[in-house]
$ cat target.txt   # compact mmCIF, C-alpha atoms and all ligand atoms
# COMPACT_ATOMS: atom_id res chain seq x y z
CA MET H 24 78.37 0.60 -16.70
CA VAL H 25 75.73 2.62 -14.89
CA GLU H 26 73.82 1.42 -11.85
CA VAL H 27 70.52 2.77 -10.55
CA PHE H 28 68.17 1.85 -7.73
CA SER H 29 64.42 1.54 -8.06
CA CYS H 30 62.10 1.25 -5.10
CA SER H 31 58.81 0.87 -7.01
CA PRO H 32 57.41 -0.53 -10.27
CA ASP H 33 56.68 3.04 -11.41
CA GLU H 34 60.28 4.02 -10.89
CA THR H 35 61.44 1.02 -12.91
CA GLU H 36 59.09 2.05 -15.72
CA LEU H 37 60.54 5.54 -15.61
CA PHE H 38 64.05 4.19 -16.20
CA GLY H 39 62.63 2.27 -19.15
CA GLU H 40 60.98 5.41 -20.47
CA LYS H 41 64.22 7.37 -20.24
CA LEU H 42 66.10 4.74 -22.19
CA GLY H 43 63.30 4.37 -24.73
CA ALA H 44 63.49 8.08 -25.50
CA VAL H 45 67.08 7.84 -26.78
CA LEU H 46 66.73 4.71 -28.91
CA ASN H 47 67.13 5.10 -32.67
CA GLY H 48 66.16 1.63 -33.88
CA GLY H 49 68.33 -1.43 -34.29
CA GLU H 50 69.20 -1.68 -30.60
CA VAL H 51 68.98 -4.95 -28.72
CA VAL H 52 68.05 -4.39 -25.07
CA ALA H 53 69.09 -7.61 -23.37
CA TYR H 54 67.66 -8.24 -19.90
CA PHE H 55 69.27 -10.51 -17.33
CA GLY H 56 67.80 -11.46 -13.96
CA GLY H 57 65.13 -13.82 -12.69
CA LEU H 58 61.38 -13.92 -12.43
CA GLY H 59 59.58 -10.92 -10.98
CA MET H 60 62.54 -8.58 -11.28
CA GLY H 61 60.60 -6.01 -13.32
CA LYS H 62 61.75 -6.74 -16.87
CA THR H 63 58.23 -6.55 -18.26
CA ARG H 64 57.43 -3.40 -16.27
CA PHE H 65 60.63 -1.84 -17.58
CA THR H 66 59.60 -2.72 -21.14
CA ALA H 67 56.25 -0.96 -20.64
CA GLY H 68 58.23 2.19 -19.86
CA LEU H 69 60.57 1.56 -22.76
CA ALA H 70 57.60 1.46 -25.15
CA ARG H 71 56.22 4.70 -23.70
CA GLY H 72 59.59 6.40 -24.13
CA MET H 73 59.57 5.28 -27.77
CA GLY H 74 56.20 6.96 -28.22
CA ILE H 75 54.32 3.68 -28.38
CA ASN H 76 50.94 3.73 -26.69
CA ALA H 77 50.22 0.08 -25.86
CA ASP H 78 49.49 -2.27 -23.00
CA VAL H 79 52.73 -4.17 -22.70
CA SER H 80 52.28 -7.67 -21.29
CA SER H 81 54.61 -10.62 -20.88
CA PRO H 82 55.22 -12.51 -24.15
CA THR H 83 55.51 -15.77 -22.21
CA PHE H 84 53.20 -17.78 -24.47
CA ALA H 85 53.56 -16.00 -27.79
CA LEU H 86 57.36 -15.72 -27.28
CA VAL H 87 57.26 -12.35 -29.05
CA HIS H 88 54.95 -9.34 -29.00
CA GLU H 89 55.36 -6.75 -31.70
CA TYR H 90 54.32 -3.15 -31.10
CA GLY H 91 54.04 -0.76 -34.02
CA GLY H 92 55.41 2.76 -33.89
CA ALA H 93 57.74 5.18 -35.66
CA ILE H 94 60.30 2.62 -34.52
CA PRO H 95 58.63 -0.74 -33.85
CA LEU H 96 59.36 -2.63 -30.63
CA CYS H 97 59.70 -6.42 -30.53
CA HIS H 98 59.47 -7.85 -27.02
CA PHE H 99 60.78 -11.40 -26.58
CA ASP H 100 60.61 -13.90 -23.72
CA MET H 101 63.40 -16.46 -24.10
CA TYR H 102 62.53 -18.36 -20.92
CA ARG H 103 61.73 -21.58 -22.78
CA ILE H 104 64.30 -21.19 -25.53
CA ASN H 105 66.98 -23.84 -25.19
CA THR H 106 68.34 -24.54 -28.64
CA PHE H 107 69.40 -22.62 -31.71
CA GLU H 108 66.42 -24.11 -33.59
CA ASP H 109 64.07 -22.81 -30.88
CA LEU H 110 65.60 -19.38 -31.26
CA CYS H 111 65.15 -19.41 -35.04
CA THR H 112 61.45 -20.18 -34.66
CA THR H 113 60.93 -17.00 -32.61
CA GLY H 114 62.00 -14.93 -35.61
CA PHE H 115 64.79 -13.34 -33.58
CA PHE H 116 67.23 -13.31 -36.49
CA ASP H 117 64.64 -11.87 -38.87
CA TYR H 118 63.98 -8.98 -36.52
CA LEU H 119 67.68 -8.19 -36.08
CA ASP H 120 68.86 -5.47 -38.46
CA ASN H 121 65.37 -4.61 -39.68
CA GLY H 122 65.34 -1.33 -37.78
CA CYS H 123 63.12 -2.21 -34.85
CA VAL H 124 64.18 -2.29 -31.21
CA LEU H 125 64.44 -5.75 -29.65
CA ALA H 126 63.77 -6.08 -25.92
CA VAL H 127 64.79 -9.55 -24.77
CA GLU H 128 63.78 -11.12 -21.46
CA TRP H 129 65.85 -14.12 -20.31
CA SER H 130 68.81 -13.12 -22.47
CA GLU H 131 70.79 -15.62 -20.38
CA ASN H 132 69.32 -18.30 -22.63
CA ILE H 133 70.52 -16.78 -25.90
CA GLU H 134 73.67 -15.01 -24.79
CA ASN H 135 75.79 -16.44 -27.62
CA ALA H 136 73.33 -15.16 -30.23
CA LEU H 137 73.33 -11.55 -29.01
CA PRO H 138 74.91 -9.12 -31.48
CA GLU H 139 77.90 -6.96 -30.54
CA GLU H 140 76.58 -3.86 -32.28
CA LYS H 141 74.04 -1.66 -30.54
CA LEU H 142 73.78 -4.03 -27.60
CA ILE H 143 72.44 -2.69 -24.31
CA LYS H 144 72.68 -5.11 -21.41
CA ILE H 145 70.55 -4.60 -18.32
CA GLU H 146 70.98 -6.78 -15.27
CA PHE H 147 68.20 -6.78 -12.67
CA SER H 148 68.66 -7.86 -9.09
CA ARG H 149 66.91 -7.47 -5.76
CA GLY H 150 67.69 -4.84 -3.16
CA GLU H 151 67.21 -4.82 0.57
CA ASN H 152 63.43 -4.39 0.69
CA ASP H 153 60.75 -6.32 -1.22
CA ASP H 154 60.20 -3.60 -3.78
CA ASP H 155 63.84 -2.62 -4.20
CA ARG H 156 65.57 -3.41 -7.45
CA VAL H 157 69.07 -2.70 -8.68
CA LEU H 158 69.45 -2.12 -12.43
CA LYS H 159 72.88 -2.23 -14.05
CA MET H 160 73.16 -1.09 -17.65
CA SER H 161 76.08 -1.34 -20.02
CA GLY H 162 76.11 0.03 -23.52
CA GLU H 163 77.20 3.08 -25.49
CA SER H 164 77.38 6.27 -23.44
CA VAL H 165 74.30 7.81 -25.07
CA TYR H 166 72.26 4.98 -23.54
CA GLU H 167 74.01 4.99 -20.18
CA ASN H 168 73.61 8.77 -19.95
CA SER H 169 69.83 8.47 -20.35
CA TRP H 170 69.73 7.43 -16.68
CA GLY H 171 72.07 10.19 -15.57
N1 LIG H 201 61.02 -1.74 -7.99
C1 LIG H 201 60.25 -2.56 -8.74
N2 LIG H 201 60.40 -2.58 -10.08
C2 LIG H 201 59.67 -3.41 -10.84
N3 LIG H 201 58.74 -4.25 -10.38
C3 LIG H 201 58.54 -4.29 -9.06
C4 LIG H 201 59.29 -3.43 -8.19
N4 LIG H 201 58.87 -3.67 -6.90
C5 LIG H 201 57.92 -4.60 -6.99
N5 LIG H 201 57.70 -4.98 -8.26
C6 LIG H 201 56.74 -6.01 -8.68
O1 LIG H 201 57.47 -7.06 -9.24
C7 LIG H 201 56.77 -7.61 -10.34
C8 LIG H 201 57.62 -7.49 -11.59
O2 LIG H 201 56.96 -8.15 -12.61
P1 LIG H 201 57.50 -8.24 -14.08
O3 LIG H 201 57.82 -6.89 -14.59
O4 LIG H 201 56.53 -9.06 -14.83
O5 LIG H 201 58.88 -9.04 -13.83
P2 LIG H 201 59.70 -9.94 -14.86
O6 LIG H 201 59.29 -9.57 -16.24
O7 LIG H 201 61.14 -9.59 -14.54
O8 LIG H 201 59.38 -11.36 -14.50
C9 LIG H 201 55.47 -6.84 -10.48
O9 LIG H 201 54.46 -7.55 -9.80
C10 LIG H 201 55.77 -5.55 -9.76
O10 LIG H 201 54.64 -4.95 -9.21
MG MG H 202 58.58 -10.71 -17.81

$ encode --input "target.txt" --output "structure tokens"
Amino acid sequence: MVEVFSCSPDETELFGEKLGAVLNGGEVVAYFGGLGMGKTRFTAGLARGMGINADVSSPTFALVHEYGGAIPLCHFDMYRINTFEDLCTTGFFDYLDNGCVLAVEWSENIENALPEEKLIKIEFSRGENDDDRVLKMSGESVYENSWG
């Protein structure tokens, strides 16, 4: 487990960018932590680190946004996903193992469906000041070292 502190949205994006740069495809980046923690901002950085030039926005209504690139990025919002049937309709299982990177907001809601292989968990929480965030990552060392 590696823990970092961010005191601005830009800094959070930078941690995303660093992680994005070491992804090879097939990873599931599972975010935990409530509304406004910076999961979407982090994903914008993740895309940039993967060499994807796109405006990353919250997939709240579409449930998934797909960004093309050398390695495609699929960005999910599982906030309203309550059942296994719901999860199937997002296409989550179709995207697994097809070589893209999955970034999953509200992974709390689908925790049992997360794979064991190539799983990167990131837990977001608040710090002392309004703009402070604490990010805790656990995954293979190559991913954890990207923040080192
Ligand atoms: N250190 C920080 N990291 C990320 N976002 C921050 C930070 N400090 C303040 N913010 C603000 O918090 C909000 C995070 O929004 P967003 O990334 O959409 O969160 P989430 O996807 O977790 O709901 C943005 O308005 C952003 O400007
Ligand atoms: Mg979000």

$ residues_around --input "target.txt" --residues "Gly68 (chain H)" --least-positions-apart "6" --cutoff "9 Å" --atoms "only C-alpha atoms" --output "list in words"
Asp33, Thr35, Glu36, Leu37, Phe38, Gly39, Glu40, Lys41, Leu42, Gly43 and Val79 of chain H

$ closest_residue --input "target.txt" --among "H:Gly72, H:Gly48, H:Gly92, H:Pro82" --to "ligand LIG 201 (chain H)" --atoms "only C-alpha atoms and all ligand atoms"
H:Pro82

$ closest_residue --input "target.txt" --among "H:Asp78, H:Glu151, H:Glu89, H:Glu128" --to "ligand MG 202 (chain H)" --atoms "all atoms listed in the file"
H:Glu128

$ residues_near_ligand --input "target.txt" --ligand "ligand MG 202 (chain H)" --cutoff "9 Å" --atoms "only C-alpha atoms and all ligand atoms" --output "list of chain:residue names"
H:Gly57, H:Leu58, H:Gly59, H:Met60, H:Gly61, H:Lys62, H:Thr63, H:Arg64, H:Thr66, H:Ser80, H:Ser81, H:Pro82, H:Thr83, H:Asp100, H:Glu128, H:Trp129

$ residues_around --input "target.txt" --residues "Val25 (chain H)" --least-positions-apart "4" --cutoff "7 Å" --atoms "only C-alpha atoms" --output "list in words"
Lys159, Met160, Ser161 and Glu167 of chain H

$ residues_around --input "target.txt" --residues "Tyr102 (chain H)" --least-positions-apart "3" --cutoff "12 Å" --atoms "all atoms listed in the file" --output "list in words"
Tyr54, Phe55, Gly56, Gly57, Leu58, Ser81, Pro82, Thr83, Phe84, Ala85, Leu86, Val87, Phe99, Asn105, Thr106, Asp109, Leu110, Thr113, Val127, Glu128, Trp129, Ser130, Glu131, Asn132 and Ile133 of chain H

$ closest_residue --input "target.txt" --among "H:Leu69, H:Asn135, H:Val157, H:Tyr166" --to "Glu26 (chain H)" --atoms "all atoms listed in the file"
H:Val157

$ closest_residue --input "target.txt" --among "H:Asn76, H:Ser31, H:Asn47, H:Ser148" --to "ligand LIG 201 (chain H)" --atoms "all atoms listed in the file"
H:Ser31

$ atom_distance --input "target.txt" --atom1 "CA of Ala53 (chain H)" --atom2 "CA of Gly171 (chain H)"
19.7 Å

$ closest_residue --input "target.txt" --among "H:Glu146, H:Glu34, H:Asp117, H:Glu139" --to "ligand LIG 201 (chain H)" --atoms "all atoms listed in the file"
H:Glu34

$ closest_residue --input "target.txt" --among "H:Pro95, H:Gly74, H:Gly162, H:Gly150" --to "ligand LIG 201 (chain H)" --atoms "all atoms listed in the file"
H:Gly150

$ residues_around --input "target.txt" --residues "Leu119 (chain H)" --least-positions-apart "2" --cutoff "12 Å" --atoms "all atoms listed in the file" --output "VMD selection string"
chain H and resid 48 to 52 95 to 97 111 113 to 117 121 to 127 136 to 142

$ write_last_selection --input "target.txt" --atoms "C-alpha atoms" --output "tab-separated table (two decimals), keeping the file's coordinate frame"
chain	number	residue	atom	x	y	z
H	48	GLY	CA	66.16	1.63	-33.88
H	49	GLY	CA	68.33	-1.43	-34.29
H	50	GLU	CA	69.20	-1.68	-30.60
H	51	VAL	CA	68.98	-4.95	-28.72
H	52	VAL	CA	68.05	-4.39	-25.07
H	95	PRO	CA	58.63	-0.74	-33.85
H	96	LEU	CA	59.36	-2.63	-30.63
H	97	CYS	CA	59.70	-6.42	-30.53
H	111	CYS	CA	65.15	-19.41	-35.04
H	113	THR	CA	60.93	-17.00	-32.61
H	114	GLY	CA	62.00	-14.93	-35.61
H	115	PHE	CA	64.79	-13.34	-33.58
H	116	PHE	CA	67.23	-13.31	-36.49
H	117	ASP	CA	64.64	-11.87	-38.87
H	121	ASN	CA	65.37	-4.61	-39.68
H	122	GLY	CA	65.34	-1.33	-37.78
H	123	CYS	CA	63.12	-2.21	-34.85
H	124	VAL	CA	64.18	-2.29	-31.21
H	125	LEU	CA	64.44	-5.75	-29.65
H	126	ALA	CA	63.77	-6.08	-25.92
H	127	VAL	CA	64.79	-9.55	-24.77
H	136	ALA	CA	73.33	-15.16	-30.23
H	137	LEU	CA	73.33	-11.55	-29.01
H	138	PRO	CA	74.91	-9.12	-31.48
H	139	GLU	CA	77.90	-6.96	-30.54
H	140	GLU	CA	76.58	-3.86	-32.28
H	141	LYS	CA	74.04	-1.66	-30.54
H	142	LEU	CA	73.78	-4.03	-27.60

$ atom_distance --input "target.txt" --atom1 "atom O10 of ligand LIG 201 (chain H)" --atom2 "CA of Pro32 (chain H)"
5.3 Å

$ atom_distance --input "target.txt" --atom1 "CA of Met101 (chain H)" --atom2 "CA of Asp153 (chain H)"
25.2 Å
